[in-house]
Protein chains: 2
Amino acid sequence: MTTFAFDVETAIEPDGPGRWLTTISSDWNINTNPNGGYAATPLLRAMAAEAEGHPDPVSLTTHYLRPALGDQDATIITEVARRGRRTSTVRGSMHQDGKPRLESVATFADLSAIPDGSEIDGSSLEIPPPDLAPVEQCVNRLELRQGVVLALASRVEIRIDPRYAEPGVAGEAVTAGWIRLLDGRAPDSLTLPLFADSFPPSVFGLVGQTGWVPTIELTVHVRRRPAPGWIRARFVTREIAGATLIEDGTLWDETDRIVARSRQLAMAVD
Amino acid sequence: MTTFAFDVETAIEPDGPGRWLTTISSDWNINTNPNGGYAATPLLRAMAAEAEGHPDPVSLTTHYLRPALGDQDATIITEVARRGRRTSTVRGSMHQDGKPRLESVATFADLSAIPDGSEIDGSSLEIPPPDLAPVEQCVNRLELRQGVVLALASRVEIRIDPRYAEPGVAGEAVTAGWIRLLDGRAPDSLTLPLFADSFPPSVFGLVGQTGWVPTIELTVHVRRRPAPGWIRARFVTREIAGATLIEDGTLWDETDRIVARSRQLAMAVD
């Protein structure tokens with residue numbers, strides 16, 4: 001049996017009713033902080049375990065109270081709000097060093113059990129995938145002049161379309177590209193929140209901001225289970241209000257179907 | 001002192017630490033169910049009371065476990081996840097008839113205390129308000145051939161742009177118009193979640209769907225405190241996946257500034 005870093009480094013073990021233990025790795029860091037999508041994954045695993053028979057997070061919201069701590073143990077607390085026939089809703093929190101770090105609520109379903117279409121009364125509604133340069137012509141996130149130390153790149157391969165690879169050149173607050181786990185672990189419902197939080201901030205394309213854009217809250221809606229292979233993603237910031245911005249993301253699999261959408265509230269001015 | 005229906009019918013009273021009582025009115029119903037944005041408001045008030053000194057919900061997510069019950073008392077449970085200097089995060093749930101109905105998590109801030117701009121490194125990012133027909137040329141939601149009984153219209157005045165007032169005619173899953181409380185109560189941070197959930201489903205413009213599009217989860221980001229007067233809003237559904245759709249909303253005040261954005265996951269096929 002092959003073991004993949006994603007599964008090993010987000011593993012949880014039960015520690016009594018509604019309690020779980022995990023260890024947060026520092027190999028998914030951006031600068032000195034674990035990536036927010038990565039840090040939310042053990043919590044997501046624990047919440048999914050409570051949502052018996054409903055493995056897919058159709059709506060996951062995580063509030064980032066404090067940065068997670070790499071190379072430290074963490075305690076997870078879960079509580080079932082409702083177990084239903086079609087969906088289950090669970091809330092959970094992740095604690096390190098005696099302090100709450102992440103606070104989540106999620107509704108889970110079984111996405112293998114629902115119809116596969118995208119129609120309502122005969123009208124189809126889809127967002128077509130963006131026209132991206134092929135993976136081999138895209139720029140590894142490691143090579144961006146973004147001024148960050150990216151341990152995350154030891155785990156996740158992130159290729160940016162050349163249009164968005166130079167700070168401030170795109171002229172719009174957009175980033176887009178390809179993403180997959182570096183060791184070949186296939187995408188699934190649990191990897192999509194990580195992928196939704198792994199690209200450079202979309203304001204990079206507008207202003208070449210090199211600082212950190214810390215997430216206050218991240219909501220991910222998993223829409224379908226992804227096919228094996230690369231995930232394409234596009235992120236856009238359409239407005240800034242005072243100290244914060246909202247960034248929307250859409251993720252597609254290799255069959256051109258939307259697999260997840262994301263929206264995050266982040267600090268624009270720290 | 002003038003009392004307004006919104007304040008009376010969403011009032012809460014403390015019932016011990018982290019416990020609150022309220023009564024859900026049926027005067028905000030759509031068909032037989034209280035509007036989801038309305039039902040979430042007493043819960044939002046209780047959570048805001050816990051977020052001492054941070055009155056504005058900069059991120060509010062509510063999961064709808066079961067419909068709220070009109071003309072029945074409700075118990076609210078709140079728990080502070082973190083009280084910080086700039087923000088506070090609180091979770092809460094609303095229960096009726098012994099069953100959890102709504103499960104929320106929110107981060108609050110003081111929006112009077114943050115900078116008012118919409119710039120990052122000198123680049124401005126805004127979504128301009130839509131070009132709507134004047135209020136007097138818009139169609140009262142009551143007059144839409146939508147096949148719903150709208151007690152909500154006794155509390156909220158909703159005027160739909162004529163382009164979106166005929167079922168299936170717009171040819172796109174969009175709705176847009178004007179909204180305010182009927183008795184003159186001015187908009188504020190607490191009314192925006194209600195306003196984000198009061199328009200006809202945007203799929204109405206595409207297919208003239210007359211059925212109920214029940215909300216699974218609604219996230220509202222309050223971006224600024226609104227100026228007095230009408231709120232303009234625009235909602236769009238861009239994709240349907242299997243049994244669910246995602247609807248995005250943007251709300252502007254009379255000064256043309258964005259005051260809130262919303263995203264909801266809803267059932268497209270019941």
# chains A, B, ... in the order shown; residues from 1 in each chain; ligands from 1
call {"tool": "closest_atom_pairs", "arguments": {"of": "stretch 146-220 of chain A", "to": "stretch 37-56 of chain A", "cutoff": "12 Å", "atoms": "only C-alpha atoms", "output": "CSV"}}
result
residue,atom,partner,partner_atom,distance
A:Leu152,CA,A:Tyr38,CA,9.2
A:Arg155,CA,A:Tyr38,CA,10.4
A:Val156,CA,A:Tyr38,CA,10.4
A:Leu181,CA,A:Tyr38,CA,11.9
A:Asp188,CA,A:Asp56,CA,9.0
A:Ser189,CA,A:Asp56,CA,5.8
A:Leu190,CA,A:Thr41,CA,7.0
A:Thr191,CA,A:Thr41,CA,7.8
A:Leu192,CA,A:Gly37,CA,8.6
A:Pro193,CA,A:Gly37,CA,5.5
A:Leu194,CA,A:Gly37,CA,4.0
A:Phe195,CA,A:Gly37,CA,7.2
A:Ala196,CA,A:Gly37,CA,7.1
A:Asp197,CA,A:Gly37,CA,5.3
A:Ser198,CA,A:Gly37,CA,7.3
A:Phe199,CA,A:Gly37,CA,10.8
A:Pro214,CA,A:Gly37,CA,11.8
A:Thr215,CA,A:Gly37,CA,9.8
A:Glu217,CA,A:Gly37,CA,10.7
A:Leu218,CA,A:Gly37,CA,8.5
A:Thr219,CA,A:Gly37,CA,10.3
A:Val220,CA,A:Gly37,CA,9.9
call {"tool": "closest_atom_pairs", "arguments": {"of": "chain B", "to": "chain A", "cutoff": "8 Å", "atoms": "only C-alpha atoms", "output": "JSON lines"}}
result
{"residue": "B:Ser59", "atom": "CA", "partner": "A:Glu217", "partner_atom": "CA", "distance": 7.3}
{"residue": "B:Thr61", "atom": "CA", "partner": "A:Thr61", "partner_atom": "CA", "distance": 7.4}
{"residue": "B:His63", "atom": "CA", "partner": "A:Thr107", "partner_atom": "CA", "distance": 7.5}
{"residue": "B:Leu65", "atom": "CA", "partner": "A:Arg82", "partner_atom": "CA", "distance": 6.8}
{"residue": "B:Ala81", "atom": "CA", "partner": "A:Pro100", "partner_atom": "CA", "distance": 7.1}
{"residue": "B:Arg82", "atom": "CA", "partner": "A:Leu65", "partner_atom": "CA", "distance": 6.8}
{"residue": "B:Thr89", "atom": "CA", "partner": "A:Leu65", "partner_atom": "CA", "distance": 7.5}
{"residue": "B:Pro100", "atom": "CA", "partner": "A:Ala81", "partner_atom": "CA", "distance": 7.1}
{"residue": "B:Glu103", "atom": "CA", "partner": "A:Ala81", "partner_atom": "CA", "distance": 7.3}
{"residue": "B:Ser104", "atom": "CA", "partner": "A:Val105", "partner_atom": "CA", "distance": 7.7}
{"residue": "B:Val105", "atom": "CA", "partner": "A:Val105", "partner_atom": "CA", "distance": 7.2}
{"residue": "B:Thr107", "atom": "CA", "partner": "A:His63", "partner_atom": "CA", "distance": 7.5}
{"residue": "B:Ile114", "atom": "CA", "partner": "A:Gly242", "partner_atom": "CA", "distance": 5.9}
{"residue": "B:Pro115", "atom": "CA", "partner": "A:Gly242", "partner_atom": "CA", "distance": 4.6}
{"residue": "B:Asp116", "atom": "CA", "partner": "A:Gly242", "partner_atom": "CA", "distance": 4.7}
{"residue": "B:Gly117", "atom": "CA", "partner": "A:Gly242", "partner_atom": "CA", "distance": 4.9}
{"residue": "B:Ser118", "atom": "CA", "partner": "A:Ile240", "partner_atom": "CA", "distance": 4.6}
{"residue": "B:Glu119", "atom": "CA", "partner": "A:Ile240", "partner_atom": "CA", "distance": 6.3}
{"residue": "B:Ile120", "atom": "CA", "partner": "A:Ala268", "partner_atom": "CA", "distance": 7.0}
{"residue": "B:Asp121", "atom": "CA", "partner": "A:Val207", "partner_atom": "CA", "distance": 6.5}
{"residue": "B:Ser123", "atom": "CA", "partner": "A:Val207", "partner_atom": "CA", "distance": 7.2}
{"residue": "B:Ser124", "atom": "CA", "partner": "A:Ile240", "partner_atom": "CA", "distance": 7.6}
{"residue": "B:Leu125", "atom": "CA", "partner": "A:Glu239", "partner_atom": "CA", "distance": 4.5}
{"residue": "B:Glu126", "atom": "CA", "partner": "A:Glu239", "partner_atom": "CA", "distance": 4.4}
{"residue": "B:Ile127", "atom": "CA", "partner": "A:Glu239", "partner_atom": "CA", "distance": 6.1}
{"residue": "B:Leu206", "atom": "CA", "partner": "A:Ser123", "partner_atom": "CA", "distance": 7.7}
{"residue": "B:Val207", "atom": "CA", "partner": "A:Asp121", "partner_atom": "CA", "distance": 6.5}
{"residue": "B:Gln209", "atom": "CA", "partner": "A:Asp121", "partner_atom": "CA", "distance": 7.8}
{"residue": "B:Glu217", "atom": "CA", "partner": "A:Ser59", "partner_atom": "CA", "distance": 7.3}
{"residue": "B:Arg223", "atom": "CA", "partner": "A:Ala241", "partner_atom": "CA", "distance": 6.0}
{"residue": "B:Arg224", "atom": "CA", "partner": "A:Ala241", "partner_atom": "CA", "distance": 7.3}
{"residue": "B:Thr237", "atom": "CA", "partner": "A:Leu125", "partner_atom": "CA", "distance": 7.9}
{"residue": "B:Arg238", "atom": "CA", "partner": "A:Leu125", "partner_atom": "CA", "distance": 6.0}
{"residue": "B:Glu239", "atom": "CA", "partner": "A:Glu126", "partner_atom": "CA", "distance": 4.4}
{"residue": "B:Ile240", "atom": "CA", "partner": "A:Ser118", "partner_atom": "CA", "distance": 4.6}
{"residue": "B:Ala241", "atom": "CA", "partner": "A:Ser118", "partner_atom": "CA", "distance": 4.8}
{"residue": "B:Gly242", "atom": "CA", "partner": "A:Pro115", "partner_atom": "CA", "distance": 4.6}
{"residue": "B:Ala243", "atom": "CA", "partner": "A:Pro115", "partner_atom": "CA", "distance": 6.4}
{"residue": "B:Leu265", "atom": "CA", "partner": "A:Ser59", "partner_atom": "CA", "distance": 7.7}
{"residue": "B:Ala268", "atom": "CA", "partner": "A:Ile120", "partner_atom": "CA", "distance": 7.0}
{"residue": "B:Val269", "atom": "CA", "partner": "A:Ile120", "partner_atom": "CA", "distance": 7.8}
call {"tool": "select_by_dssp", "arguments": {"residues": "stretch 40-166 of chain B", "states": "alpha helix (DSSP H)", "output": "short mmCIF file (atom, residue, chain, number, x, y, z; two decimals) with N, CA and C atoms, in the first residue's frame"}}
result
data_model
loop_
_atom_site.label_atom_id
_atom_site.label_comp_id
_atom_site.auth_asym_id
_atom_site.auth_seq_id
_atom_site.Cartn_x
_atom_site.Cartn_y
_atom_site.Cartn_z
N ALA B 40 -32.57 33.92 10.74
CA ALA B 40 -31.19 33.97 11.23
C ALA B 40 -30.91 35.24 12.04
N THR B 41 -31.81 36.23 11.99
CA THR B 41 -31.51 37.52 12.60
C THR B 41 -31.49 37.50 14.14
N PRO B 42 -32.46 36.87 14.82
CA PRO B 42 -32.33 36.80 16.29
C PRO B 42 -31.04 36.08 16.72
N LEU B 43 -30.69 35.04 15.97
CA LEU B 43 -29.44 34.32 16.25
C LEU B 43 -28.24 35.25 16.04
N LEU B 44 -28.29 36.02 14.96
CA LEU B 44 -27.22 36.99 14.70
C LEU B 44 -27.14 38.03 15.82
N ARG B 45 -28.30 38.49 16.30
CA ARG B 45 -28.30 39.46 17.41
C ARG B 45 -27.62 38.89 18.66
N ALA B 46 -27.93 37.63 18.96
CA ALA B 46 -27.35 37.00 20.16
C ALA B 46 -25.84 36.84 20.00
N MET B 47 -25.43 36.43 18.79
CA MET B 47 -23.99 36.27 18.56
C MET B 47 -23.29 37.62 18.62
N ALA B 48 -23.92 38.66 18.06
CA ALA B 48 -23.32 40.01 18.09
C ALA B 48 -23.20 40.51 19.52
N ALA B 49 -24.18 40.16 20.37
CA ALA B 49 -24.11 40.58 21.78
C ALA B 49 -22.90 39.96 22.47
N GLU B 50 -22.54 38.73 22.05
CA GLU B 50 -21.36 38.07 22.63
C GLU B 50 -20.05 38.68 22.13
#
call {"tool": "atom_distance", "arguments": {"atom1": "atom CA of B:Pro226", "atom2": "atom CA of B:Arg86"}}
result
20.4 Å
call {"tool": "residues_around", "arguments": {"residues": "B:Pro129", "least_positions_apart": "6", "cutoff": "9 Å", "atoms": "only C-alpha atoms", "output": "NGL selection string"}}
result
:B and (232-234 or 250-252 or 256-258)
call {"tool": "select_by_dssp", "arguments": {"residues": "stretch 82-111 of chain A", "states": "strand (DSSP E)", "output": "list in words"}}
result
Arg82, Arg83, Ser88, Thr89, Val90, Arg91, Gly92, Ser93, Met94, His95, Gln96, Lys99, Pro100, Arg101, Leu102, Glu103, Ser104, Val105, Ala106, Thr107, Phe108 and Ala109 of chain A
call {"tool": "closest_atom_pairs", "arguments": {"of": "stretch 32-98 of chain A", "to": "stretch 147-151 of chain A", "cutoff": "12 Å", "atoms": "only C-alpha atoms", "output": "JSON lines"}}
result
{"residue": "A:Thr32", "atom": "CA", "partner": "A:Val149", "partner_atom": "CA", "distance": 8.0}
{"residue": "A:Asn33", "atom": "CA", "partner": "A:Ala151", "partner_atom": "CA", "distance": 9.8}
{"residue": "A:Pro34", "atom": "CA", "partner": "A:Ala151", "partner_atom": "CA", "distance": 9.0}
{"residue": "A:Asn35", "atom": "CA", "partner": "A:Ala151", "partner_atom": "CA", "distance": 9.5}
{"residue": "A:Gly70", "atom": "CA", "partner": "A:Ala151", "partner_atom": "CA", "distance": 11.2}
call {"tool": "write_last_selection", "arguments": {"atoms": "C-alpha atoms", "output": "short mmCIF file (atom, residue, chain, number, x, y, z; two decimals), in the first residue's frame"}}
result
data_model
loop_
_atom_site.label_atom_id
_atom_site.label_comp_id
_atom_site.auth_asym_id
_atom_site.auth_seq_id
_atom_site.Cartn_x
_atom_site.Cartn_y
_atom_site.Cartn_z
CA THR A 32 6.39 30.52 8.89
CA ASN A 33 2.68 29.58 8.91
CA PRO A 34 1.04 26.33 7.82
CA ASN A 35 -1.16 26.91 4.75
CA GLY A 70 3.78 23.75 12.40
#
call {"tool": "residues_around", "arguments": {"residues": "stretch 18-23 of chain B", "least_positions_apart": "4", "cutoff": "6 Å", "atoms": "only C-alpha atoms", "output": "number ranges by chain"}}
result
B: 12-14, 72-78
call {"tool": "write_last_selection", "arguments": {"atoms": "C-alpha atoms", "output": "PDB file, in the first residue's frame"}}
result
ATOM      1  CA  ILE B  12     -33.827  38.513  22.065  1.00  0.00           C
ATOM      2  CA  GLU B  13     -33.649  38.291  25.840  1.00  0.00           C
ATOM      3  CA  PRO B  14     -30.848  36.702  27.859  1.00  0.00           C
ATOM      4  CA  GLN B  72     -43.214  29.768  18.021  1.00  0.00           C
ATOM      5  CA  ASP B  73     -40.656  30.471  20.707  1.00  0.00           C
ATOM      6  CA  ALA B  74     -37.030  29.589  20.090  1.00  0.00           C
ATOM      7  CA  THR B  75     -33.946  29.011  22.210  1.00  0.00           C
ATOM      8  CA  ILE B  76     -30.561  30.315  21.073  1.00  0.00           C
ATOM      9  CA  ILE B  77     -27.243  28.918  22.293  1.00  0.00           C
ATOM     10  CA  THR B  78     -24.071  30.961  21.798  1.00  0.00           C
TER      11      THR B  78
END
